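This report refers to the structure that appears directly beneath it.
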Amino acid sequence: MTPILTMRGVNRFFGTFHVTQDIDLDLAPGEALGVIGPNGAGKSTLFNLIAGTLPPSSGTVAFRGRDVTRLPASERCHLGVGRSFQIPHPFTGMTVYENLLAASVFGRSGHDVPEEACRDILEMTGLLKNANRPAGSLTLLERKRLELARALATGPQLLLLDEIAGGLTEAECQELVATISAVRDSGVSIIWIEHVVHALLAIVSRLIVIDFGKIVAQGEPRAVMADPLVREIYMGIPADEDAA
Amino acid sequence: MASLTTDLPRRPAPGRFLPAAVIAAAVVLLAAAPWWAGRADLRLLMEALSYLALAQMWNLLAGYTGLVSVGQQAFVGLGGYLFFALAIFSGLPLLVAMPAAALATGLVAIPAGWIAFRLQGAYFAIGTWVIAEVFRLSAAQFPALGGGSGISLPVAVARSLSESREGREMAMYFLALGLGLSATFGVWALLRARWGMALTAIRDSGTAAESIGISTRRVKFLIYVGTAAMTGLTGAFLFLQKLRITPDAAFSVNDWTAFVIFIVVIGGIGTIEGPVIGTILFFALRQVAADWGSWYLMLLGAIAIAVMLVDKRGIWGALKARTGWALFPVERRLR
């Protein structure tokens, strides 16, 4: 089967700073991939390169077999890439419902009745009671939910989630995991950057670790987490001490 | 895009009757002005309505799409000059020449925008100013249009509007009223249409707007060209009223951009009500202080700085944030 996403030799520089280094990545349709790594490792930049918010300095990005390297974010969204932002970017002057409606209408979501689709997504993400509130009045956690809801409203085939579980209580985190697993089970491919590892492990079937812009480990999530190198990078536990 | 222009069902929220009543009263009052206002007041209202149109356009451009232009005088002047040229040389009736001049201004804005859009932020602002200066210098190069000293509209052309002076003044007033109202209600209709959601989205976050499938560059370009055409139409009217056009008057950065920015910023950028409030305030100030010479301009500057320091959302922006008022509601509600 054609991978839904293919990245080949993708590099990105900010000035002389080499943020993303030679990334090769394939994602199968329906696959859920987790991304972990220290702050500043280049995880969000990776999302910007996939979503088209940033063009790569070199390399190619293909989505559903089509080269999208030169396409702007809006056109990648039309093809089926939906994303959330780590720092929420709500449309503060619109209501929560209008945020979703705009995403559904302009994202070419294929929803027959955008109003109804938006209602379902609001319900699923626990935002229904806030539907007619201005998005600017939401708390940080509600804004993160809105990021997820708005990305879903575009009708994505690939959903990019950037640290949406941080700061949630255990109960809220479980609700979120249930929501995301429902999205995954509906056939949407997911890439999820998350520091809340146990939430991540409940969803993903593969994990990659990024450090200094490179993929330094990947594979079955539990095996990756047990890798001494990963433990050193990610938790600061020196490899030799861990062995002792 | 056809489906995007259809509107959503909307539930009238409580408290919408008062805004509607205020708007209706204002429109009726303005429409009846020739019967209650004196000649001087009518002239003042005409000018205020023209400025309202300019302010609504600048606000649509800068307040919604974030394109801060300090060169809108390019389109005021171009609209004025093209209108004079068409009215004098082509023999088109006035009421045809004006929209034709506006359309031509919009067409010129396409290549002008193509150049300006290569620049971002502050560079875009400077770029638009430079383009306007090029237009001003070019306008002086046409001897048929009076070169650097300008040209007057032949009396016969102005007469074609109406034989009597009262008739002309009445016609001019209703042209100004049409401009001010169509700019205001046009922006309102645009923001209420589905396509208008793109504008609010871009205003609030360009990055997120792009990521939900809005081609921000295309929307910005369309708005740039559209506001140029409407600004050109206003320019055509302004110089019809003045009956004389010179390059310096037509492409004046003070008259057609600085004052307009003052109006929008004081009133509340990124709101439909802001330009209305700003226009009222600007003309009230001018009535009081215009005789003070340079002190008047310093007063305007001081007020602008004070508003920036106290609340940069402007008068209406601050009021809206505190009270949730909307004279021109655009919100869609989930029922």
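In the structure tokens, each chain is lettered A, B, ... as it comes, each chain's residues begin at 1, and ligands are numbered from 1 in order of appearance.
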
Using only C-alpha atoms, find each residue of range 13-131 of chain B with at least one atom at most 8 Å away from an atom of range 272-279 of chain B; report its shortest atom-to-atom pair and that distance in Å (one decimal), sort the rows by chain and rising residue number, and return the result as a tab-separated table.
```
residue	atom	partner	partner_atom	distance
B:Ala48	CA	B:Thr279	CA	6.5
B:Tyr51	CA	B:Thr279	CA	6.9
B:Leu52	CA	B:Thr279	CA	6.0
B:Ala55	CA	B:Pro275	CA	5.6
B:Gln56	CA	B:Pro275	CA	5.9
B:Asn59	CA	B:Pro275	CA	7.3
```

Exercise. With a distance cut-off of 8 Å and only C-alpha atoms, select the neighbouring residues of range 220-224 of chain B, excluding the residue or stretch itself and same-chain residues fewer than 6 positions from it, and output the selection as a PyMOL selection string.
Key: chain B and resi 60-61+65+67+109+113

Using only C-alpha atoms, find each residue in chain A having at least one atom no more than 9 Å away from chain B; report its shortest atom-to-atom pair and that distance in Å (one decimal), rows by chain then rising number, as a tab-separated table.
```
residue	atom	partner	partner_atom	distance
A:Ala51	CA	B:Ser211	CA	7.4
A:Gly52	CA	B:Ser211	CA	8.2
A:Thr53	CA	B:Thr207	CA	7.4
A:Pro72	CA	B:Glu210	CA	8.1
A:Ala73	CA	B:Ser211	CA	5.4
A:Ser74	CA	B:Gly213	CA	3.8
A:Glu75	CA	B:Gly213	CA	6.3
A:Arg76	CA	B:Gly213	CA	7.7
A:Cys77	CA	B:Gly213	CA	5.1
A:His78	CA	B:Gly213	CA	5.9
A:Val81	CA	B:Ser211	CA	8.5
A:Gly82	CA	B:Ile212	CA	7.2
A:Arg83	CA	B:Ser211	CA	7.1
A:Ser84	CA	B:Ala208	CA	8.7
A:Phe85	CA	B:Ala208	CA	8.2
A:His89	CA	B:Ala208	CA	6.1
A:Pro90	CA	B:Ser205	CA	7.3
A:Phe91	CA	B:Asp204	CA	5.0
A:Thr92	CA	B:Asp204	CA	6.1
A:Gly93	CA	B:Asp204	CA	6.7
A:Met94	CA	B:Glu331	CA	7.2
A:Thr95	CA	B:Glu331	CA	7.4
A:Tyr97	CA	B:Leu334	CA	6.5
A:Glu98	CA	B:Arg332	CA	6.6
A:Asn99	CA	B:Ala201	CA	8.1
A:Leu101	CA	B:Met197	CA	8.8
A:Ala102	CA	B:Met197	CA	6.2
A:Ala103	CA	B:Ile212	CA	5.1
A:Ser104	CA	B:Ile212	CA	8.0
A:Val105	CA	B:Leu4	CA	7.3
A:Phe106	CA	B:Gly213	CA	5.2
A:Gly107	CA	B:Gly213	CA	4.5
A:Arg108	CA	B:Gly213	CA	7.5
A:Glu115	CA	B:Leu334	CA	7.6
A:Arg119	CA	B:Leu334	CA	7.8
A:Ala131	CA	B:Leu334	CA	6.6
A:Asn132	CA	B:Arg333	CA	5.8
A:Arg150	CA	B:Ile212	CA	7.9
A:Ala151	CA	B:Ile212	CA	7.2
A:Ala153	CA	B:Ile212	CA	8.7
A:Thr154	CA	B:Ile212	CA	6.3
```

Exercise. May I have the residues within 12 Å of Leu86 in chain B as a count of residues only, using only C-alpha atoms and disregarding those fewer than 6 positions away in the same chain?
Key: 19

Exercise. Using DSSP on the backbone coordinates, identify the residues of range 57-175 of chain A assigned to strand (DSSP E); present them as an NGL selection string.
Key: :A and (58-63 or 66-67 or 81-83 or 158-162)

Residues just named, written with C-alpha atoms as a PDB file, in the first residue's frame:
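As written to disk, out_31.pdb reads:
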```pdb
ATOM      1  CA  SER A  58      16.085  20.404   0.868  1.00  0.00           C
ATOM      2  CA  GLY A  59      14.403  17.032   0.463  1.00  0.00           C
ATOM      3  CA  THR A  60      10.886  16.020  -0.542  1.00  0.00           C
ATOM      4  CA  VAL A  61       7.565  15.511   1.198  1.00  0.00           C
ATOM      5  CA  ALA A  62       4.893  13.385  -0.484  1.00  0.00           C
ATOM      6  CA  PHE A  63       1.316  13.001   0.696  1.00  0.00           C
ATOM      7  CA  ARG A  66       1.768  13.143  -4.517  1.00  0.00           C
ATOM      8  CA  ASP A  67       4.781  15.423  -4.140  1.00  0.00           C
ATOM      9  CA  VAL A  81      -3.491  17.201   6.387  1.00  0.00           C
ATOM     10  CA  GLY A  82      -5.011  18.539   9.613  1.00  0.00           C
ATOM     11  CA  ARG A  83      -2.905  19.906  12.436  1.00  0.00           C
ATOM     12  CA  LEU A 158      -3.555  12.658   8.465  1.00  0.00           C
ATOM     13  CA  LEU A 159      -3.889  14.329  11.845  1.00  0.00           C
ATOM     14  CA  LEU A 160      -0.866  16.048  13.389  1.00  0.00           C
ATOM     15  CA  LEU A 161      -1.223  16.547  17.144  1.00  0.00           C
ATOM     16  CA  ASP A 162       1.333  18.710  18.927  1.00  0.00           C
TER      17      ASP A 162
END
```

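Those residues that approach Ile121 in chain A to within 9 Å, counting only C-alpha atoms, are Leu100, Glu116, Ala117, Cys118, Met124, Thr125, Gly126, Leu127, Leu128, Ala149, Arg150, Leu152 and Ala153 of chain A; same-chain residues fewer than 3 positions away are not listed.
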
Practice problem: Skip Ile191 in chain A itself and residues of its chain fewer than 4 positions away, then list as number ranges by chain all residues within 6 Å of it, counting only C-alpha atoms. | Solution: A: 32-34, 160

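Excluding Ala158 in chain B itself and any same-chain residue fewer than 3 positions from it, the protein and nucleic acid residues within 12 Å of it, counting only C-alpha atoms, are Phe84, Ala87, Ile88, Pro93, Leu94, Leu95, Ser152, Leu153, Pro154, Val155, Leu161, Ser162, Glu163, Ser164, Arg165, Gly167, Arg168, Glu169, Ala171, Met172, Phe237, Phe239, Leu240, Gln241, Lys242, Leu243 and Arg244 of chain B.
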
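We find CA of Ile245 in chain B and CA of Gly146 in chain B to be spaced 9.0 Å apart.
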
Quiz item: Quick one: residues within 7 Å of range 163-168 of chain A, only C-alpha atoms counted, chain neighbours fewer than 4 positions away excluded, as number ranges by chain?
Solution: A: 86, 144, 172-173, 193-196

Can I get the selected residues back with N, CA and C atoms, as a PDB file, in the first residue's frame?
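Result saved to out_14.pdb:
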```pdb
ATOM      1  N   GLN A  86       1.123  23.586  18.942  1.00  0.00           N
ATOM      2  CA  GLN A  86       1.555  23.402  20.329  1.00  0.00           C
ATOM      3  C   GLN A  86       1.102  24.583  21.189  1.00  0.00           C
ATOM      4  N   LYS A 144      -6.633  24.073  23.921  1.00  0.00           N
ATOM      5  CA  LYS A 144      -5.977  22.890  23.344  1.00  0.00           C
ATOM      6  C   LYS A 144      -7.016  21.941  22.751  1.00  0.00           C
ATOM      7  N   GLU A 172      -9.073  13.708  32.609  1.00  0.00           N
ATOM      8  CA  GLU A 172      -9.168  14.422  31.328  1.00  0.00           C
ATOM      9  C   GLU A 172      -8.297  13.754  30.283  1.00  0.00           C
ATOM     10  N   CYS A 173      -7.131  13.283  30.749  1.00  0.00           N
ATOM     11  CA  CYS A 173      -6.190  12.641  29.841  1.00  0.00           C
ATOM     12  C   CYS A 173      -6.812  11.368  29.259  1.00  0.00           C
ATOM     13  N   ILE A 193       2.980  14.253  18.718  1.00  0.00           N
ATOM     14  CA  ILE A 193       4.125  14.667  19.537  1.00  0.00           C
ATOM     15  C   ILE A 193       3.608  14.816  20.964  1.00  0.00           C
ATOM     16  N   GLU A 194       4.223  14.123  21.920  1.00  0.00           N
ATOM     17  CA  GLU A 194       3.688  14.226  23.274  1.00  0.00           C
ATOM     18  C   GLU A 194       4.749  13.903  24.311  1.00  0.00           C
ATOM     19  N   HIS A 195       4.715  14.671  25.400  1.00  0.00           N
ATOM     20  CA  HIS A 195       5.595  14.362  26.525  1.00  0.00           C
ATOM     21  C   HIS A 195       4.915  13.435  27.529  1.00  0.00           C
ATOM     22  N   VAL A 196       3.570  13.380  27.473  1.00  0.00           N
ATOM     23  CA  VAL A 196       2.837  12.505  28.392  1.00  0.00           C
ATOM     24  C   VAL A 196       2.874  11.097  27.791  1.00  0.00           C
TER      25      VAL A 196
END
```

Practice problem: Could you jot down the CA of Asp26 in chain A to CA of Pro228 in chain A separation for me, Å, one decimal place? | Solution: 24.7 Å
